[in-house]
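Visitor: Take a look at the following structure, please.
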Amino acid sequence: MRAMMCEKIDTDPVMRTVDDPVAAAGEVVIDVHACGVNFADTLIIAGKYQQKPEFPFVPGFEIAGVVSVTGEGVDAGLKGQRVMAMAPYGGFAEKITLPADRIIPIPDGVSFEDAAAFQITYGTSWFALKYRANVQGGEVVLVHGAAGGVGITAVECAKILGARVIATAGGPEKCEIARQHGADFVIDYKSADITTSVREICQRQGWHAGVDVVYDPVGGDVFSQSLRCTAPGGRLLVIGFASGDIPQIPANILLVKNLAVLGFYFGAYLDQNPEIARQGMAELLDNLAAGNITPSISRRFPLADVPKAFAALRERTATSKMVILCRAPAS
């Protein structure tokens, strides 16, 4: 099979032909049709991610495809079933082996591309907002990076939960994307100060205390600005550090305003809360099948062009989600 192999730390993967994987007991082989691209992919090949596989390895977390082989102890009826799964790595290849209990059937009418684009971005936002921050209807949620793959889903999920959303994005085009996905107010951080703009919006709307929840996948100065416009008793969700700058949080502000800073790492959360994981994923799949959420895919790349997708992430030219088509495009 063909696979995009990362052979040295901090280098992009290259195309290699390797042996097909073999299903051990309790495992299945999946013919991968699509694999989502994530900022974490660039971190894992640089050795900066929570998971640190030994080199060489194949990156790629969220896959969608068809079960082609079932191992010992696995229901043979799974063969031929359309499934999606979150892998620790290995998704940018034509085939992957995973434990059978990690796979989830893809609902009828949902494409491989949407299934691959859906899992991490929507999962991160849904579980972070609903189960970690306990967002309630009528609350005000500030979403940073709202035109990115995760940010867009945060806007949509917050609206499903009944929140009012203030979104930040860089430039008119990205601001319009956030607006199209349901943001009530949009701030262009390239031309306006975030703290001042948020305060002005809140004052105009009568939300004098500030925002209730901050969803921050950016970090750095963006996080620092958020502290100054969060209402007393508010919650700040730390999703990631796309800016490359991990903020140092001034504890005195947390103390004075009674703020809660909540870290959220999706993969670990699912492992630590299996019952919530099943419930939340069922909710998301219901919303996906009903058309309440629609994965926004901005670009599709063939398997050999994984480095081009990574470059778009690093240069921050990507809007919404990118997907790798690991074999002939299929729906």
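Quick note on naming: the chains in the structure tokens go A, B, ... in the order shown, residues restart at 1 in each chain, and ligands are numbered from 1 in order of appearance.
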Would you list the contacts of stretch 20-28 of chain A as a PyMOL selection string, taking every protein, DNA or RNA residue within 12 Å and counting only C-alpha atoms, but skipping same-chain residues closer than 2 positions in sequence?

Guide: chain A and resi 1-3+16-18+30-32+65-81+83+85+90+93-103

Visitor: Name the residues of stretch 164-255 of chain A that come out as alpha helix (DSSP H) in a backbone DSSP run; write them as a PyMOL selection string.

Guide: chain A and resi 172-180+194-205+220-227+251-255

Visitor: Kindly export the residues of the current selection with N, CA, C and O atoms, as a CSV table (one decimal), in the first residue's frame.

Guide:
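Full text of selection25.csv as output:
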chain,number,residue,atom,x,y,z
A,172,PRO,N,-11.3,40.3,6.3
A,172,PRO,CA,-12.7,40.3,5.9
A,172,PRO,C,-13.3,39.0,5.5
A,172,PRO,O,-14.4,38.6,5.8
A,173,GLU,N,-12.5,38.3,4.7
A,173,GLU,CA,-12.9,37.0,4.2
A,173,GLU,C,-13.2,36.0,5.3
A,173,GLU,O,-14.2,35.3,5.3
A,174,LYS,N,-12.3,35.9,6.2
A,174,LYS,CA,-12.4,35.0,7.4
A,174,LYS,C,-13.6,35.4,8.3
A,174,LYS,O,-14.3,34.6,8.8
A,175,CYS,N,-13.7,36.7,8.4
A,175,CYS,CA,-14.8,37.2,9.3
A,175,CYS,C,-16.2,36.8,8.6
A,175,CYS,O,-17.1,36.5,9.3
A,176,GLU,N,-16.3,36.9,7.3
A,176,GLU,CA,-17.5,36.5,6.6
A,176,GLU,C,-17.8,35.0,6.8
A,176,GLU,O,-19.0,34.6,7.0
A,177,ILE,N,-16.8,34.2,6.8
A,177,ILE,CA,-17.0,32.8,7.1
A,177,ILE,C,-17.6,32.6,8.4
A,177,ILE,O,-18.5,31.8,8.6
A,178,ALA,N,-17.0,33.2,9.4
A,178,ALA,CA,-17.6,33.1,10.8
A,178,ALA,C,-19.0,33.5,10.9
A,178,ALA,O,-19.9,32.9,11.5
A,179,ARG,N,-19.3,34.6,10.2
A,179,ARG,CA,-20.7,35.1,10.1
A,179,ARG,C,-21.6,34.1,9.5
A,179,ARG,O,-22.8,33.9,9.9
A,180,GLN,N,-21.2,33.5,8.4
A,180,GLN,CA,-22.0,32.6,7.6
A,180,GLN,C,-22.3,31.3,8.5
A,180,GLN,O,-23.3,30.7,8.3
A,194,ILE,N,-9.2,43.3,20.3
A,194,ILE,CA,-10.2,42.4,20.7
A,194,ILE,C,-10.9,42.8,22.0
A,194,ILE,O,-12.2,42.8,22.1
A,195,THR,N,-10.2,43.2,23.0
A,195,THR,CA,-10.8,43.5,24.3
A,195,THR,C,-11.7,44.7,24.2
A,195,THR,O,-12.9,44.6,24.6
A,196,THR,N,-11.3,45.7,23.5
A,196,THR,CA,-12.1,46.9,23.3
A,196,THR,C,-13.4,46.6,22.5
A,196,THR,O,-14.5,47.0,22.9
A,197,SER,N,-13.2,45.8,21.5
A,197,SER,CA,-14.4,45.5,20.6
A,197,SER,C,-15.4,44.6,21.4
A,197,SER,O,-16.6,44.8,21.3
A,198,VAL,N,-14.9,43.7,22.1
A,198,VAL,CA,-15.8,42.8,22.9
A,198,VAL,C,-16.6,43.6,23.9
A,198,VAL,O,-17.8,43.5,24.1
A,199,ARG,N,-15.8,44.5,24.6
A,199,ARG,CA,-16.5,45.3,25.6
A,199,ARG,C,-17.6,46.2,25.0
A,199,ARG,O,-18.7,46.4,25.6
A,200,GLU,N,-17.3,46.8,23.8
A,200,GLU,CA,-18.3,47.6,23.2
A,200,GLU,C,-19.5,46.8,22.8
A,200,GLU,O,-20.6,47.3,22.9
A,201,ILE,N,-19.3,45.6,22.2
A,201,ILE,CA,-20.4,44.8,21.8
A,201,ILE,C,-21.3,44.5,23.1
A,201,ILE,O,-22.5,44.6,23.1
A,202,CYS,N,-20.6,44.0,24.1
A,202,CYS,CA,-21.3,43.7,25.4
A,202,CYS,C,-22.1,44.8,25.9
A,202,CYS,O,-23.3,44.7,26.4
A,203,GLN,N,-21.5,46.0,25.9
A,203,GLN,CA,-22.2,47.2,26.4
A,203,GLN,C,-23.4,47.5,25.6
A,203,GLN,O,-24.5,47.9,26.1
A,204,ARG,N,-23.3,47.5,24.3
A,204,ARG,CA,-24.4,47.8,23.4
A,204,ARG,C,-25.6,46.8,23.6
A,204,ARG,O,-26.8,47.2,23.5
A,205,GLN,N,-25.2,45.5,23.9
A,205,GLN,CA,-26.3,44.5,24.1
A,205,GLN,C,-26.8,44.4,25.5
A,205,GLN,O,-27.7,43.6,25.8
A,220,GLY,N,-1.4,32.8,23.4
A,220,GLY,CA,-0.6,34.0,23.3
A,220,GLY,C,-1.4,35.2,23.8
A,220,GLY,O,-2.2,35.2,24.8
A,221,ASP,N,-1.2,36.3,23.1
A,221,ASP,CA,-1.9,37.6,23.5
A,221,ASP,C,-3.4,37.5,23.4
A,221,ASP,O,-4.1,38.2,24.1
A,222,VAL,N,-3.9,36.7,22.5
A,222,VAL,CA,-5.4,36.5,22.4
A,222,VAL,C,-5.9,36.1,23.8
A,222,VAL,O,-7.0,36.6,24.2
A,223,PHE,N,-5.3,35.1,24.4
A,223,PHE,CA,-5.8,34.6,25.7
A,223,PHE,C,-5.7,35.8,26.7
A,223,PHE,O,-6.6,36.0,27.5
A,224,SER,N,-4.6,36.5,26.7
A,224,SER,CA,-4.4,37.6,27.7
A,224,SER,C,-5.5,38.7,27.5
A,224,SER,O,-6.1,39.2,28.5
A,225,GLN,N,-5.9,39.0,26.2
A,225,GLN,CA,-7.0,39.9,26.0
A,225,GLN,C,-8.3,39.4,26.5
A,225,GLN,O,-9.1,40.1,27.0
A,226,SER,N,-8.5,38.1,26.4
A,226,SER,CA,-9.7,37.5,26.8
A,226,SER,C,-10.0,37.6,28.3
A,226,SER,O,-11.1,37.8,28.7
A,227,LEU,N,-8.9,37.6,29.1
A,227,LEU,CA,-9.1,37.7,30.5
A,227,LEU,C,-9.7,39.0,30.9
A,227,LEU,O,-10.5,39.1,31.9
A,251,ALA,N,-2.5,34.6,38.0
A,251,ALA,CA,-3.4,34.1,38.9
A,251,ALA,C,-4.2,35.1,39.6
A,251,ALA,O,-5.3,34.9,40.1
A,252,ASN,N,-3.7,36.3,39.8
A,252,ASN,CA,-4.4,37.4,40.5
A,252,ASN,C,-5.7,37.7,39.8
A,252,ASN,O,-6.7,38.0,40.4
A,253,ILE,N,-5.7,37.7,38.4
A,253,ILE,CA,-6.9,38.0,37.7
A,253,ILE,C,-8.0,36.9,37.9
A,253,ILE,O,-9.1,37.2,38.1
A,254,LEU,N,-7.5,35.7,37.9
A,254,LEU,CA,-8.4,34.6,38.2
A,254,LEU,C,-9.0,34.7,39.6
A,254,LEU,O,-10.2,34.5,39.8
A,255,LEU,N,-8.2,35.1,40.5
A,255,LEU,CA,-8.7,35.3,41.9
A,255,LEU,C,-9.7,36.4,42.0
A,255,LEU,O,-10.8,36.2,42.6

Visitor: Extract, using only C-alpha atoms, all DNA, RNA and protein residues at most 10 Å from A:Lys190, discarding same-chain residues fewer than 2 positions from it, and format them as a ChimeraX atom specification.

Guide: /A:168-172,187-188,192-194

Visitor: Of the residues A:Leu161, A:Ala167, A:Glu315, A:Met281, which is the one nearest to A:Met84, using only C-alpha atoms?

Guide: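 Using only C-alpha atoms, the shortest distance to A:Met84 belongs to A:Met281.
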
Visitor: Counting only C-alpha atoms, what is within 12 Å of A:Ala277, bar same-chain residues fewer than 3 positions away, as a VMD selection string?

Guide: chain A and resid 102 119 123 to 124 126 to 128 130 to 131 266 to 274 280 to 284

Visitor: Could you tell me how far atom CA of A:Leu142 lies from atom CA of A:Arg314, in Å and to one decimal?

Guide: 23.9 Å

Visitor: Of the candidates A:Leu262, A:Val238, A:Lys48, A:Ile324, which one gets nearest to A:Met4 if we count only C-alpha atoms?

Guide: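 Checking each of A:Leu262, A:Val238, A:Lys48, A:Ile324 against A:Met4, counting only C-alpha atoms, the winner is A:Ile324.
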
Visitor: Could you work out how far atom CA of A:Cys157 lies from atom CA of A:Gln248, giving the answer in Å with one decimal?

Guide: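 According to the coordinates, atom CA of A:Gln248 and atom CA of A:Cys157 are separated by 27.9 Å.
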
Visitor: As a ChimeraX atom specification, which residues of stretch 162-197 of chain A does DSSP assign to strand (DSSP E)?

Guide: /A:164-169,185-188

Visitor: Report, in Å with one decimal, the straight-line distance from atom CA of A:Tyr89 to atom CA of A:Tyr122.

Guide: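 Separating atom CA of A:Tyr89 from atom CA of A:Tyr122 is a distance of 18.7 Å.
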
Visitor: Might you pull out every residue within 10 Å of A:Lys8, with only C-alpha atoms counted and same-chain residues fewer than 4 positions away left off, and present them as a list in words?

Guide: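 Those residues are Asp12, Pro13, Ile45, Ala46, Gly47, Glu54, Phe55, Pro56 and Phe57 of chain A.
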
Visitor: Closest to A:Ile249 among A:Val261, A:Gly109, A:Gly137, A:Asp184, using only C-alpha atoms?

Guide: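 Of A:Val261, A:Gly109, A:Gly137, A:Asp184, the one nearest A:Ile249 is A:Val261, counting only C-alpha atoms.
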
Visitor: Extract, using only C-alpha atoms, all DNA, RNA and protein residues at most 9 Å from A:Gly219, discarding same-chain residues fewer than 5 positions from it, and format them as a PyMOL selection string.

Guide: chain A and resi 224+238-247
